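Structure file final_18.cif with mmCIF, C-alpha atoms:
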```
data_run
#
loop_
_atom_site.label_atom_id
_atom_site.label_comp_id
_atom_site.auth_asym_id
_atom_site.auth_seq_id
_atom_site.Cartn_x
_atom_site.Cartn_y
_atom_site.Cartn_z
CA MET A 15 0.00 0.00 0.00
CA HIS A 16 1.30 3.49 -0.84
CA LYS A 17 2.71 5.13 2.28
CA SER A 18 0.76 8.34 1.77
CA ILE A 19 -2.50 6.37 1.95
CA LEU A 20 -1.43 4.96 5.30
CA ARG A 21 -0.55 8.43 6.53
CA HIS A 22 -3.91 9.82 5.48
CA GLY A 23 -5.55 7.12 7.57
CA LEU A 24 -3.75 8.22 10.72
CA THR A 25 -5.47 10.64 13.07
CA ILE A 26 -4.88 12.30 16.39
CA THR A 27 -4.15 8.90 17.93
CA ALA A 28 -0.82 8.75 16.13
CA ILE A 29 0.13 12.21 17.34
CA LEU A 30 -0.75 11.44 20.92
CA ALA A 31 1.23 8.22 20.72
CA THR A 32 4.40 10.08 19.78
CA ALA A 33 3.92 13.08 22.03
CA THR A 34 6.02 11.58 24.81
CA PHE A 35 9.11 11.63 22.62
CA VAL A 36 9.27 15.38 22.11
CA ASN A 37 12.60 16.85 23.17
CA ALA A 38 12.33 19.10 26.17
CA HIS A 39 12.49 22.69 25.03
CA GLY A 40 11.06 24.72 27.86
CA ASP A 41 14.13 26.93 27.69
CA VAL A 42 13.19 28.27 24.25
CA ALA A 43 11.79 31.79 24.41
CA PRO A 44 8.69 32.13 22.20
CA GLN A 45 9.08 34.76 19.50
CA ALA A 46 6.27 37.28 19.00
CA VAL A 47 4.24 36.87 15.82
CA ASP A 48 3.06 39.97 13.95
CA THR A 49 -0.57 39.24 13.05
CA SER A 50 -1.27 42.62 11.45
CA GLY A 51 -3.72 42.25 8.60
CA LEU A 52 -5.67 39.37 10.12
CA PRO A 53 -9.17 39.77 11.54
CA GLU A 54 -8.92 39.69 15.32
CA THR A 55 -10.44 36.60 16.90
CA GLY A 56 -11.20 38.15 20.29
CA ASP A 57 -10.40 37.14 23.85
CA GLU A 58 -12.46 33.95 24.05
CA TRP A 59 -10.58 31.05 22.52
CA LEU A 60 -12.32 29.40 19.60
CA ALA A 61 -12.62 25.66 19.01
CA GLU A 62 -12.27 25.80 15.22
CA ASN A 63 -9.85 27.53 12.84
CA PRO A 64 -11.50 30.83 11.77
CA TYR A 65 -8.96 31.55 9.02
CA ARG A 66 -9.85 28.77 6.60
CA ALA A 67 -10.75 30.04 3.14
CA GLU A 68 -14.24 28.58 3.26
CA THR A 69 -14.88 30.57 6.45
CA ALA A 70 -12.89 33.78 6.10
CA GLY A 71 -12.33 34.05 2.34
CA GLU A 72 -9.25 33.52 0.20
CA GLU A 73 -7.60 36.85 1.01
CA VAL A 74 -7.67 36.25 4.77
CA TRP A 75 -6.59 32.63 4.27
CA LEU A 76 -3.55 33.68 2.22
CA LYS A 77 -2.60 36.27 4.85
CA ALA A 78 -2.95 33.68 7.62
CA LEU A 79 -0.80 31.29 5.60
CA GLU A 80 1.93 33.92 5.24
CA ILE A 81 1.87 34.89 8.91
CA GLY A 82 1.55 31.29 10.03
CA ALA A 83 4.63 30.26 8.06
CA SER A 84 6.68 32.94 9.79
CA GLY A 85 5.25 32.11 13.21
CA TYR A 86 5.84 28.39 12.76
CA ASN A 87 9.44 28.83 11.62
CA GLN A 88 10.19 31.11 14.59
CA ASN A 89 8.56 28.99 17.27
CA CYS A 90 7.87 25.44 16.12
CA ALA A 91 10.31 24.30 13.44
CA ARG A 92 13.11 23.58 15.92
CA CYS A 93 11.23 20.56 17.26
CA HIS A 94 8.52 19.81 14.69
CA GLY A 95 10.76 20.24 11.63
CA LEU A 96 11.04 22.58 8.67
CA GLU A 97 7.88 22.57 6.54
CA VAL A 98 6.33 20.59 9.44
CA VAL A 99 8.22 17.46 8.38
CA SER A 100 9.06 15.83 11.71
CA GLY A 101 12.36 14.08 12.17
CA GLY A 102 10.61 11.37 14.16
CA LEU A 103 11.02 12.61 17.74
CA ALA A 104 8.36 15.30 17.79
CA PRO A 105 4.78 14.62 16.65
CA ASP A 106 4.20 15.00 12.91
CA LEU A 107 1.64 17.81 12.96
CA ARG A 108 0.78 17.25 9.31
CA LEU A 109 -1.33 14.31 10.49
CA LEU A 110 -3.75 16.63 12.29
CA GLN A 111 -6.93 16.67 10.26
CA ALA A 112 -8.33 20.03 9.13
CA ALA A 113 -11.47 19.55 11.18
CA ASP A 114 -12.93 20.78 14.44
CA TYR A 115 -12.02 17.73 16.54
CA ASP A 116 -8.30 18.12 15.81
CA ASP A 117 -8.58 21.91 16.06
CA GLU A 118 -9.65 21.42 19.67
CA TRP A 119 -6.63 19.23 20.45
CA TYR A 120 -4.29 21.66 18.71
CA VAL A 121 -5.52 24.79 20.48
CA GLU A 122 -5.48 23.10 23.90
CA ARG A 123 -1.87 21.99 23.39
CA PHE A 124 -0.91 25.42 22.00
CA ARG A 125 -2.43 27.19 24.99
CA GLU A 126 -1.36 24.85 27.78
CA GLY A 127 1.81 23.24 26.45
CA PHE A 128 2.81 19.76 27.53
CA THR A 129 4.67 18.62 30.64
CA GLN A 130 5.64 15.07 31.50
CA ASN A 131 7.24 13.89 34.74
CA GLY A 132 8.06 17.47 35.65
CA THR A 133 9.80 18.15 32.33
CA THR A 134 8.41 20.72 29.89
CA LYS A 135 8.17 19.00 26.54
CA MET A 136 6.38 21.94 24.93
CA PRO A 137 5.98 25.43 26.42
CA ALA A 138 2.57 27.06 26.74
CA PHE A 139 2.28 29.54 23.87
CA GLY A 140 -1.27 30.74 24.44
CA ASP A 141 -0.74 33.79 26.65
CA LEU A 142 2.56 34.67 24.98
CA LEU A 143 1.58 34.56 21.30
CA GLY A 144 -2.20 34.88 21.42
CA GLN A 145 -5.09 33.35 19.56
CA ASP A 146 -4.58 35.08 16.19
CA ALA A 147 -1.05 33.69 15.95
CA ALA A 148 -2.24 30.26 17.05
CA TRP A 149 -4.77 29.96 14.23
CA ALA A 150 -2.40 31.43 11.65
CA ILE A 151 0.16 28.76 12.54
CA ARG A 152 -2.59 26.15 12.40
CA THR A 153 -3.47 27.35 8.89
CA TYR A 154 0.12 26.91 7.78
CA ILE A 155 0.38 23.44 9.34
CA GLU A 156 -2.76 22.08 7.72
CA THR A 157 -1.80 23.24 4.23
CA ARG A 158 1.39 21.14 4.08
CA PRO A 159 1.46 19.08 0.88
CA ASP A 160 1.74 15.34 0.60
CA ASP A 161 5.43 15.02 -0.23
CA GLU A 162 5.04 11.58 -1.80
CA VAL A 163 2.58 12.86 -4.40
CA MET A 164 4.93 15.79 -4.94
CA GLU A 165 7.59 13.31 -6.06
CA ASP A 166 5.49 12.50 -9.14
CA PHE A 167 6.02 16.04 -10.44
CA VAL A 168 9.67 16.62 -9.52
CA VAL A 169 11.00 16.12 -13.06
CA GLU A 170 8.46 18.45 -14.66
CA LEU A 171 8.84 21.09 -11.96
CA ALA A 172 12.61 21.02 -12.43
CA SER A 173 12.10 21.58 -16.17
CA LEU A 174 9.74 24.50 -15.51
CA ARG A 175 12.23 25.90 -13.03
CA ASP A 176 15.01 25.83 -15.61
CA GLU A 177 12.72 27.47 -18.16
CA MET A 178 11.89 30.29 -15.78
CA LYS A 179 15.55 30.78 -14.90
CA GLY A 180 16.09 31.62 -18.57
CA TYR A 181 13.18 34.06 -18.59
CA ALA A 182 14.66 35.83 -15.58
CA ASP A 183 17.42 36.99 -17.95
CA ASP A 184 15.41 37.28 -21.17
CA THR A 185 11.60 37.09 -21.41
CA THR A 186 11.63 36.58 -25.18
CA GLY A 187 9.21 33.76 -26.00
CA ALA A 188 7.85 33.56 -22.46
CA ASN A 189 4.19 32.75 -21.98
CA PRO A 190 3.38 33.65 -18.38
CA ASP A 191 -0.27 32.62 -18.66
CA ALA A 192 0.67 29.13 -19.86
CA LEU A 193 3.32 28.71 -17.17
CA LYS A 194 0.99 29.90 -14.46
CA ALA A 195 -1.78 27.63 -15.74
CA ARG A 196 0.44 24.54 -15.77
CA LEU A 197 1.81 25.21 -12.30
CA THR A 198 -1.75 25.71 -11.07
CA GLU A 199 -2.75 22.37 -12.62
CA ILE A 200 0.12 20.63 -10.88
CA ALA A 201 -0.73 22.34 -7.59
CA ALA A 202 -4.29 21.05 -7.88
CA GLU A 203 -2.96 17.49 -8.13
CA ILE A 204 -0.97 17.73 -4.90
CA PRO A 205 -3.19 17.13 -1.86
CA THR A 206 -2.65 18.01 1.78
CA ILE A 207 -2.13 15.30 4.37
CA SER A 208 -4.63 17.03 6.67
CA GLY A 209 -7.53 16.96 4.23
CA ALA A 210 -7.50 20.74 3.78
CA PRO A 211 -8.66 21.59 0.24
CA VAL A 212 -5.53 23.46 -0.95
CA ALA A 213 -1.92 22.47 -0.42
CA ASP A 214 0.73 25.15 -0.05
CA SER A 215 3.07 23.29 -2.39
CA VAL A 216 6.00 24.83 -4.24
CA ALA A 217 3.91 24.61 -7.41
CA PHE A 218 1.19 26.66 -5.71
CA ARG A 219 3.72 29.21 -4.47
CA ALA A 220 5.47 29.54 -7.82
CA ALA A 221 2.19 29.92 -9.71
CA ASN A 222 1.21 32.81 -7.48
CA LEU A 223 4.50 34.60 -8.09
CA ILE A 224 4.40 34.72 -11.89
CA ASP A 225 3.36 38.06 -13.36
CA GLY A 226 5.44 38.14 -16.53
CA THR A 227 8.32 40.19 -15.16
CA PRO A 228 11.93 38.95 -14.98
CA ALA A 229 11.98 39.43 -11.22
CA ALA A 230 8.89 37.26 -10.82
CA TYR A 231 10.39 34.50 -12.98
CA ALA A 232 13.54 34.63 -10.84
CA SER A 233 11.50 34.40 -7.62
CA ALA A 234 9.38 31.54 -8.95
CA ALA A 235 12.48 29.65 -10.09
CA GLU A 236 14.12 30.14 -6.70
CA THR A 237 10.96 28.92 -4.96
CA LEU A 238 11.00 25.75 -7.05
CA THR A 239 14.71 25.26 -6.47
CA ILE A 240 14.30 25.42 -2.69
CA GLY A 241 11.23 23.19 -2.75
CA LEU A 242 12.80 20.58 -5.01
CA SER A 243 15.94 20.50 -2.89
CA ALA A 244 13.85 19.86 0.21
CA ALA A 245 11.95 17.07 -1.57
CA GLN A 246 15.13 15.14 -2.36
#
```
Would you give me this structure, written as structure tokens?
Amino acid sequence: MHKSILRHGLTITAILATATFVNAHGDVAPQAVDTSGLPETGDEWLAENPYRAETAGEEVWLKALEIGASGYNQNCARCHGLEVVSGGLAPDLRLLQAADYDDEWYVERFREGFTQNGTTKMPAFGDLLGQDAAWAIRTYIETRPDDEVMEDFVVELASLRDEMKGYADDTTGANPDALKARLTEIAAEIPTISGAPVADSVAFRAANLIDGTPAAYASAAETLTIGLSAAQ
């Protein structure tokens, strides 16, 4: 059976089962997250992610994704891994389903942290970072792509990357609409592990950068280069 199918079948049980192996990191000082541009969620903690596109709209979702990526990298990546790819000691947060029952587990752990046998395995972030940051980070986590499906498109994405590298120097013959359309098609084929409807894959990121200018081609090519390197 394909490993990604097995992973999709895992739920919160798998995360709880691995939670005891998180390295103690109570000595890490949480870094403030700038949530400017996001609708404020208020003082009472919610039980479901308010920044999903189907709830808040695409513009808010994209902003939450941007802020969440920064917040995650500052506060979570050290233990849970870059791009939320766990090294095996900390829980793989990509397995959290994009649904209310896993939202509740996530926000409780975010607020309260986790202590075992007197050792802080995860600090309490709730009072320090706040609810807006919590849900922005949640938005980033649940949009992680299925890396095994991504492997099916590595060769084509590398070819598109090389093509755009050339256009960064000379746009003669470039067709930005066609490039954007193909990257968007590839992005649509790459699912999330969480069940969220859109994956923040490198194809998705690159497609949203293309505007026909040399600088945009260079940025899109760099995005693909970084993403393809991480996939190998």
Name every residue that the PyMOL selection byres ((chain A and resi 165) around 12) selects in this structure, writing the answer as a tab-separated table (two decimals) with C-alpha atoms, in the coordinates of the input with chains first and numbers rising.
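The resulting file, expr.tsv, is shown below:
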```
chain	number	residue	atom	x	y	z
A	18	SER	CA	0.76	8.34	1.77
A	159	PRO	CA	1.46	19.08	0.88
A	160	ASP	CA	1.74	15.34	0.60
A	161	ASP	CA	5.43	15.02	-0.23
A	162	GLU	CA	5.04	11.58	-1.80
A	163	VAL	CA	2.58	12.86	-4.40
A	164	MET	CA	4.93	15.79	-4.94
A	166	ASP	CA	5.49	12.50	-9.14
A	167	PHE	CA	6.02	16.04	-10.44
A	168	VAL	CA	9.67	16.62	-9.52
A	169	VAL	CA	11.00	16.12	-13.06
A	170	GLU	CA	8.46	18.45	-14.66
A	171	LEU	CA	8.84	21.09	-11.96
A	172	ALA	CA	12.61	21.02	-12.43
A	200	ILE	CA	0.12	20.63	-10.88
A	203	GLU	CA	-2.96	17.49	-8.13
A	204	ILE	CA	-0.97	17.73	-4.90
A	215	SER	CA	3.07	23.29	-2.39
A	216	VAL	CA	6.00	24.83	-4.24
A	217	ALA	CA	3.91	24.61	-7.41
A	241	GLY	CA	11.23	23.19	-2.75
A	242	LEU	CA	12.80	20.58	-5.01
A	243	SER	CA	15.94	20.50	-2.89
A	244	ALA	CA	13.85	19.86	0.21
A	245	ALA	CA	11.95	17.07	-1.57
A	246	GLN	CA	15.13	15.14	-2.36
```
Review point. Could you spell out the hits of the PyMOL selection byres ((chain A and resi 126) around 9) on the shown file, as a list of chain:residue names?
Key: A:Val121, A:Glu122, A:Arg123, A:Phe124, A:Arg125, A:Gly127, A:Phe128, A:Met136, A:Pro137, A:Ala138, A:Phe139, A:Gly140
Segment 84-152 of chain A residues near segment 63-78 of chain A within 9 Å, closest pair each, using only C-alpha atoms, as a Markdown table:
```
| residue | atom | partner | partner_atom | distance |
| --- | --- | --- | --- | --- |
| A:Ala112 | CA | A:Asn63 | CA | 8.5 |
| A:Ala113 | CA | A:Asn63 | CA | 8.3 |
| A:Asp114 | CA | A:Asn63 | CA | 7.6 |
| A:Asp117 | CA | A:Asn63 | CA | 6.6 |
| A:Asp146 | CA | A:Ala78 | CA | 8.8 |
| A:Ala147 | CA | A:Ala78 | CA | 8.5 |
| A:Trp149 | CA | A:Asn63 | CA | 5.8 |
| A:Ala150 | CA | A:Ala78 | CA | 4.6 |
| A:Ile151 | CA | A:Ala78 | CA | 7.6 |
| A:Arg152 | CA | A:Asn63 | CA | 7.4 |
```
Point to revise | Computed interatomic separation between atom CA of Asn222 of chain A and atom CA of Glu177 of chain A (Å) | key: 16.6 Å
Tell me which residues the PyMOL selection byres ((chain A and resi 236) around 12) grabs here, as a PDB file with C-alpha atoms, in the frame of the given file.
```
ATOM      1  CA  LEU A 171       8.840  21.090 -11.960  1.00  0.00           C
ATOM      2  CA  ALA A 172      12.610  21.020 -12.430  1.00  0.00           C
ATOM      3  CA  LEU A 174       9.740  24.500 -15.510  1.00  0.00           C
ATOM      4  CA  ARG A 175      12.230  25.900 -13.030  1.00  0.00           C
ATOM      5  CA  ASP A 176      15.010  25.830 -15.610  1.00  0.00           C
ATOM      6  CA  GLU A 177      12.720  27.470 -18.160  1.00  0.00           C
ATOM      7  CA  MET A 178      11.890  30.290 -15.780  1.00  0.00           C
ATOM      8  CA  LYS A 179      15.550  30.780 -14.900  1.00  0.00           C
ATOM      9  CA  ALA A 182      14.660  35.830 -15.580  1.00  0.00           C
ATOM     10  CA  VAL A 216       6.000  24.830  -4.240  1.00  0.00           C
ATOM     11  CA  ALA A 217       3.910  24.610  -7.410  1.00  0.00           C
ATOM     12  CA  ARG A 219       3.720  29.210  -4.470  1.00  0.00           C
ATOM     13  CA  ALA A 220       5.470  29.540  -7.820  1.00  0.00           C
ATOM     14  CA  LEU A 223       4.500  34.600  -8.090  1.00  0.00           C
ATOM     15  CA  ILE A 224       4.400  34.720 -11.890  1.00  0.00           C
ATOM     16  CA  ALA A 229      11.980  39.430 -11.220  1.00  0.00           C
ATOM     17  CA  ALA A 230       8.890  37.260 -10.820  1.00  0.00           C
ATOM     18  CA  TYR A 231      10.390  34.500 -12.980  1.00  0.00           C
ATOM     19  CA  ALA A 232      13.540  34.630 -10.840  1.00  0.00           C
ATOM     20  CA  SER A 233      11.500  34.400  -7.620  1.00  0.00           C
ATOM     21  CA  ALA A 234       9.380  31.540  -8.950  1.00  0.00           C
ATOM     22  CA  ALA A 235      12.480  29.650 -10.090  1.00  0.00           C
ATOM     23  CA  THR A 237      10.960  28.920  -4.960  1.00  0.00           C
ATOM     24  CA  LEU A 238      11.000  25.750  -7.050  1.00  0.00           C
ATOM     25  CA  THR A 239      14.710  25.260  -6.470  1.00  0.00           C
ATOM     26  CA  ILE A 240      14.300  25.420  -2.690  1.00  0.00           C
ATOM     27  CA  GLY A 241      11.230  23.190  -2.750  1.00  0.00           C
ATOM     28  CA  LEU A 242      12.800  20.580  -5.010  1.00  0.00           C
ATOM     29  CA  SER A 243      15.940  20.500  -2.890  1.00  0.00           C
TER      30      SER A 243
END
```
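Among the candidates A:Ala148, A:Ala192, A:Ile155, A:Ala213, the residue lying nearest to Leu60 of chain A is A:Ala148 (atoms considered: all atoms listed in the file).
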Exercise for review: Could you tell me which of A:Asp191, A:Glu54, A:Glu156, A:Asp183 comes closest to Leu109 of chain A if we count only C-alpha atoms?
Suggested key: A:Glu156
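Taking only C-alpha atoms into account, Asp48 of chain A lies nearest to A:Leu143 out of the set A:Gly95, A:Leu143, A:Asn87, A:Gln130.
Put simply, atom CA of Gly51 of chain A is 29.2 Å away from atom CA of Pro190 of chain A.
Atom CA of Thr55 of chain A lies 26.4 Å from atom CA of Asp106 of chain A.
The nearest approach to Phe218 of chain A among the residues A:Glu199, A:Glu80, A:Glu97, A:Asp57, with only C-alpha atoms taken into account, belongs to A:Glu199.
The residue that comes closest to Ile81 of chain A, out of A:Gly101, A:Leu107, A:Gly56, A:Ala46 and on the basis of only C-alpha atoms, is A:Ala46.
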Study note, to complete from the structure: One residue among A:Asp141, A:Thr134, A:Gln88, A:Thr153 is nearest to Tyr120 of chain A when using all atoms listed in the file, and that residue is A:Thr153
